>>> print(open('structure_1.cif').read())   # mmCIF, C-alpha atoms
data_structure
#
loop_
_atom_site.group_PDB
_atom_site.id
_atom_site.type_symbol
_atom_site.label_atom_id
_atom_site.label_comp_id
_atom_site.auth_asym_id
_atom_site.auth_seq_id
_atom_site.Cartn_x
_atom_site.Cartn_y
_atom_site.Cartn_z
ATOM 1 C CA MET A 15 -52.087 -263.212 -10.862
ATOM 2 C CA SER A 16 -48.446 -262.665 -11.762
ATOM 3 C CA GLU A 17 -47.195 -260.276 -14.430
ATOM 4 C CA SER A 18 -46.264 -263.147 -16.781
ATOM 5 C CA ASN A 19 -49.701 -264.738 -16.345
ATOM 6 C CA ILE A 20 -51.477 -261.495 -17.309
ATOM 7 C CA LEU A 21 -49.309 -261.229 -20.416
ATOM 8 C CA ASP A 22 -50.059 -264.851 -21.314
ATOM 9 C CA LEU A 23 -53.770 -264.190 -20.836
ATOM 10 C CA LEU A 24 -53.669 -261.019 -22.947
ATOM 11 C CA LEU A 25 -51.766 -262.848 -25.694
ATOM 12 C CA SER A 26 -54.305 -265.681 -25.614
ATOM 13 C CA VAL A 27 -57.237 -263.245 -25.872
ATOM 14 C CA THR A 28 -55.484 -261.414 -28.713
ATOM 15 C CA HIS A 29 -54.851 -264.662 -30.577
ATOM 16 C CA THR A 30 -58.444 -265.835 -30.132
ATOM 17 C CA LEU A 31 -59.908 -262.518 -31.293
ATOM 18 C CA GLN A 32 -57.537 -262.372 -34.282
ATOM 19 C CA ALA A 33 -58.363 -265.933 -35.348
ATOM 20 C CA ASP A 34 -62.098 -265.204 -35.114
ATOM 21 C CA GLN A 35 -61.699 -261.979 -37.095
ATOM 22 C CA ASP A 36 -59.642 -263.732 -39.772
ATOM 23 C CA ARG A 37 -62.333 -266.422 -40.170
ATOM 24 C CA GLU A 38 -65.115 -263.850 -40.462
ATOM 25 C CA LEU A 39 -63.224 -261.672 -42.940
ATOM 26 C CA ASP A 40 -62.245 -264.698 -45.023
ATOM 27 C CA ARG A 41 -65.897 -265.777 -45.089
ATOM 28 C CA ARG A 42 -66.751 -262.370 -46.557
ATOM 29 C CA GLY A 43 -63.810 -262.339 -48.976
ATOM 30 C CA LEU A 44 -62.165 -259.417 -47.173
ATOM 31 C CA THR A 45 -58.691 -258.704 -45.859
ATOM 32 C CA THR A 46 -57.862 -256.930 -42.623
ATOM 33 C CA ALA A 47 -56.471 -253.920 -44.521
ATOM 34 C CA ARG A 48 -59.514 -253.539 -46.775
ATOM 35 C CA THR A 49 -61.847 -253.936 -43.819
ATOM 36 C CA HIS A 50 -59.938 -251.305 -41.850
ATOM 37 C CA LEU A 51 -60.329 -248.862 -44.752
ATOM 38 C CA MET A 52 -64.054 -249.653 -44.957
ATOM 39 C CA TRP A 53 -64.368 -249.211 -41.172
ATOM 40 C CA VAL A 54 -62.806 -245.736 -41.462
ATOM 41 C CA LEU A 55 -65.241 -244.814 -44.250
ATOM 42 C CA PHE A 56 -68.200 -246.286 -42.364
ATOM 43 C CA HIS A 57 -67.494 -244.281 -39.228
ATOM 44 C CA GLY A 58 -66.072 -241.137 -40.828
ATOM 45 C CA GLY A 59 -67.855 -240.851 -44.164
ATOM 46 C CA PRO A 60 -66.312 -240.223 -47.564
ATOM 47 C CA ALA A 61 -62.636 -239.281 -47.522
ATOM 48 C CA THR A 62 -59.817 -238.511 -49.895
ATOM 49 C CA GLN A 63 -57.144 -241.125 -50.422
ATOM 50 C CA VAL A 64 -54.658 -238.858 -48.632
ATOM 51 C CA GLN A 65 -56.972 -238.700 -45.608
ATOM 52 C CA LEU A 66 -57.379 -242.475 -45.710
ATOM 53 C CA ALA A 67 -53.609 -242.975 -45.872
ATOM 54 C CA GLU A 68 -53.218 -240.806 -42.769
ATOM 55 C CA ALA A 69 -56.032 -242.592 -40.917
ATOM 56 C CA LEU A 70 -54.583 -246.017 -41.746
ATOM 57 C CA ALA A 71 -50.944 -244.937 -41.246
ATOM 58 C CA VAL A 72 -49.964 -246.288 -44.666
ATOM 59 C CA THR A 73 -48.623 -244.794 -47.875
ATOM 60 C CA PRO A 74 -50.962 -243.212 -50.444
ATOM 61 C CA ARG A 75 -49.836 -245.914 -52.897
ATOM 62 C CA ASN A 76 -51.044 -248.561 -50.453
ATOM 63 C CA VAL A 77 -54.435 -246.845 -50.210
ATOM 64 C CA THR A 78 -54.677 -246.717 -54.002
ATOM 65 C CA ALA A 79 -54.244 -250.496 -54.158
ATOM 66 C CA LEU A 80 -56.775 -251.027 -51.353
ATOM 67 C CA VAL A 81 -59.367 -248.800 -53.014
ATOM 68 C CA ASP A 82 -58.726 -250.496 -56.376
ATOM 69 C CA GLY A 83 -59.509 -253.841 -54.737
ATOM 70 C CA LEU A 84 -62.633 -252.506 -53.058
ATOM 71 C CA GLU A 85 -63.839 -250.993 -56.322
ATOM 72 C CA ALA A 86 -63.253 -254.284 -58.155
ATOM 73 C CA THR A 87 -65.539 -256.045 -55.659
ATOM 74 C CA ASP A 88 -68.169 -253.256 -55.631
ATOM 75 C CA LEU A 89 -67.529 -252.312 -52.003
ATOM 76 C CA ALA A 90 -66.294 -248.750 -52.579
ATOM 77 C CA ARG A 91 -66.215 -246.177 -55.349
ATOM 78 C CA ARG A 92 -64.291 -243.045 -56.212
ATOM 79 C CA GLU A 93 -66.198 -239.857 -56.993
ATOM 80 C CA PRO A 94 -64.970 -236.366 -57.848
ATOM 81 C CA HIS A 95 -64.203 -234.279 -54.784
ATOM 82 C CA PRO A 96 -66.913 -231.609 -54.356
ATOM 83 C CA THR A 97 -64.444 -228.692 -54.013
ATOM 84 C CA ASP A 98 -61.010 -229.924 -55.169
ATOM 85 C CA ARG A 99 -60.775 -230.876 -58.834
ATOM 86 C CA ARG A 100 -57.462 -232.662 -58.209
ATOM 87 C CA ALA A 101 -58.834 -235.031 -55.590
ATOM 88 C CA VAL A 102 -61.410 -237.788 -55.384
ATOM 89 C CA HIS A 103 -63.591 -238.891 -52.512
ATOM 90 C CA VAL A 104 -63.817 -242.561 -51.683
ATOM 91 C CA HIS A 105 -67.323 -243.719 -50.701
ATOM 92 C CA LEU A 106 -68.742 -247.044 -49.627
ATOM 93 C CA THR A 107 -71.158 -248.522 -52.150
ATOM 94 C CA GLU A 108 -74.562 -249.789 -51.031
ATOM 95 C CA ARG A 109 -73.034 -253.264 -50.866
ATOM 96 C CA GLY A 110 -70.072 -251.998 -48.834
ATOM 97 C CA LEU A 111 -72.367 -250.055 -46.508
ATOM 98 C CA SER A 112 -74.564 -253.119 -45.978
ATOM 99 C CA ILE A 113 -71.565 -255.268 -45.082
ATOM 100 C CA MET A 114 -70.253 -252.648 -42.673
ATOM 101 C CA GLU A 115 -73.654 -252.224 -41.010
ATOM 102 C CA THR A 116 -73.756 -255.985 -40.449
ATOM 103 C CA MET A 117 -70.188 -256.059 -39.155
ATOM 104 C CA ASN A 118 -70.858 -253.097 -36.860
ATOM 105 C CA ALA A 119 -73.913 -254.844 -35.393
ATOM 106 C CA GLU A 120 -71.870 -258.031 -34.910
ATOM 107 C CA HIS A 121 -69.094 -255.974 -33.283
ATOM 108 C CA THR A 122 -71.574 -254.460 -30.826
ATOM 109 C CA ALA A 123 -73.185 -257.831 -30.090
ATOM 110 C CA LEU A 124 -69.812 -259.478 -29.454
ATOM 111 C CA GLY A 125 -68.897 -256.687 -27.034
ATOM 112 C CA SER A 126 -72.118 -257.313 -25.130
ATOM 113 C CA ASP A 127 -71.644 -261.087 -25.206
ATOM 114 C CA LEU A 128 -68.108 -260.780 -23.824
ATOM 115 C CA LEU A 129 -69.450 -258.879 -20.816
ATOM 116 C CA ALA A 130 -72.421 -261.182 -20.223
ATOM 117 C CA GLY A 131 -72.762 -262.194 -16.606
ATOM 118 C CA LEU A 132 -70.443 -259.486 -15.276
ATOM 119 C CA ASP A 133 -71.816 -256.868 -12.913
ATOM 120 C CA GLU A 134 -71.347 -253.154 -13.644
ATOM 121 C CA ALA A 135 -68.542 -252.745 -11.106
ATOM 122 C CA THR A 136 -66.558 -255.609 -12.639
ATOM 123 C CA VAL A 137 -67.088 -254.213 -16.144
ATOM 124 C CA ALA A 138 -65.944 -250.743 -15.039
ATOM 125 C CA THR A 139 -62.883 -252.154 -13.266
ATOM 126 C CA THR A 140 -62.006 -254.348 -16.251
ATOM 127 C CA ILE A 141 -62.282 -251.422 -18.673
ATOM 128 C CA ARG A 142 -60.125 -249.191 -16.447
ATOM 129 C CA GLY A 143 -57.557 -251.962 -16.127
ATOM 130 C CA LEU A 144 -57.416 -252.645 -19.857
ATOM 131 C CA GLU A 145 -57.156 -248.918 -20.614
ATOM 132 C CA ALA A 146 -54.238 -248.649 -18.180
ATOM 133 C CA ILE A 147 -52.541 -251.693 -19.715
ATOM 134 C CA ARG A 148 -52.972 -250.227 -23.206
ATOM 135 C CA ALA A 149 -51.551 -246.867 -22.079
ATOM 136 C CA ASN A 150 -48.575 -248.610 -20.460
ATOM 137 C CA LEU A 151 -47.976 -250.656 -23.595
ATOM 138 C CA GLU A 152 -48.113 -247.582 -25.832
ATOM 139 C CA ARG A 153 -45.678 -245.780 -23.497
ATOM 140 C CA LEU A 154 -43.275 -248.734 -23.468
ATOM 141 C CA ILE A 155 -43.367 -249.005 -27.256
ATOM 142 C CA ALA A 156 -42.706 -245.272 -27.639
ATOM 143 C CA GLU A 157 -39.805 -245.459 -25.174
ATOM 144 C CA HIS A 158 -38.365 -248.475 -27.010
ATOM 145 C CA GLU A 159 -38.652 -246.724 -30.378
ATOM 146 C CA ALA A 160 -37.047 -243.570 -28.971
ATOM 147 C CA ALA A 161 -34.158 -245.581 -27.532
ATOM 148 C CA ARG A 162 -33.641 -247.338 -30.871
ATOM 149 C CA ALA A 163 -33.581 -244.013 -32.705
ATOM 150 C CA GLU A 164 -30.741 -242.672 -30.523
#
>>> encode(input="structure_1.cif", output="structure tokens")
Amino acid sequence: MSESNILDLLLSVTHTLQADQDRELDRRGLTTARTHLMWVLFHGGPATQVQLAEALAVTPRNVTALVDGLEATDLARREPHPTDRRAVHVHLTERGLSIMETMNAEHTALGSDLLAGLDEATVATTIRGLEAIRANLERLIAEHEAARAE
């Protein structure tokens, strides 16, 4: 397979996954940004808005708007921080936790379904290859950004 064919294939997989994700999030009345914040809370537990901004690589103001939206739909709530009177912790509500548990199970099932019919050696080789491609892409992006900054 040529280098351009692998890029075309990766772009096609990316597009297909993104379209599927968009449909599923829309069905649940969620946005990608709100879901990402919920995913961080689901896997990391309650966090301050500053911690969430760092984890999402967005501004604190952006996190405030995201949390406001999640609170309005009963998916997250703010509670006083246990040790810092100036801060609040953002928690998933029971409804938010239930949605994330379902999405996590679907995520796991999709991963299994994507590998169905592949032997262990093929899976291992595919994972190593994709990890190498991701590392190369991250390196190329960093090099491009560094060159632009000069």
>>> residues_around(input="structure_1.cif", residues="stretch 91-95 of chain A", least_positions_apart="6", cutoff="9 Å", atoms="only C-alpha atoms", output="list in words")
Ala61, Thr62, Val81, Asp82, Leu84, Glu85, Ala101, Val102, His103, Val104, His105, Leu106 and Thr107 of chain A
>>> write_last_selection(input="structure_1.cif", atoms="C-alpha atoms", output="PDB file, in the coordinates of the input")
ATOM      1  CA  ALA A  61     -62.636-239.281 -47.522  1.00  0.00           C
ATOM      2  CA  THR A  62     -59.817-238.511 -49.895  1.00  0.00           C
ATOM      3  CA  VAL A  81     -59.367-248.800 -53.014  1.00  0.00           C
ATOM      4  CA  ASP A  82     -58.726-250.496 -56.376  1.00  0.00           C
ATOM      5  CA  LEU A  84     -62.633-252.506 -53.058  1.00  0.00           C
ATOM      6  CA  GLU A  85     -63.839-250.993 -56.322  1.00  0.00           C
ATOM      7  CA  ALA A 101     -58.834-235.031 -55.590  1.00  0.00           C
ATOM      8  CA  VAL A 102     -61.410-237.788 -55.384  1.00  0.00           C
ATOM      9  CA  HIS A 103     -63.591-238.891 -52.512  1.00  0.00           C
ATOM     10  CA  VAL A 104     -63.817-242.561 -51.683  1.00  0.00           C
ATOM     11  CA  HIS A 105     -67.323-243.719 -50.701  1.00  0.00           C
ATOM     12  CA  LEU A 106     -68.742-247.044 -49.627  1.00  0.00           C
ATOM     13  CA  THR A 107     -71.158-248.522 -52.150  1.00  0.00           C
TER      14      THR A 107
END
>>> atom_distance(input="structure_1.cif", atom1="atom CA of A:Pro74", atom2="atom CA of A:Pro60")
15.9 Å
>>> resolve_selection(input="structure_1.cif", expression="the PyMOL selection byres ((chain A and resi 49) around 12)", output="PyMOL selection string")
chain A and resi 35-36+38-40+42-48+50-56+70+80-81+83-84+89-90+106+110-111+113-114+117-118
>>> atom_distance(input="structure_1.cif", atom1="atom CA of A:Ala86", atom2="atom CA of A:Glu68")
22.8 Å
>>> closest_residue(input="structure_1.cif", among="A:Ala156, A:Val137, A:Ala146, A:Ala161", to="A:Gly125", atoms="all atoms listed in the file")
A:Val137
>>> atom_distance(input="structure_1.cif", atom1="atom CA of A:Leu132", atom2="atom CA of A:Leu144")
15.4 Å
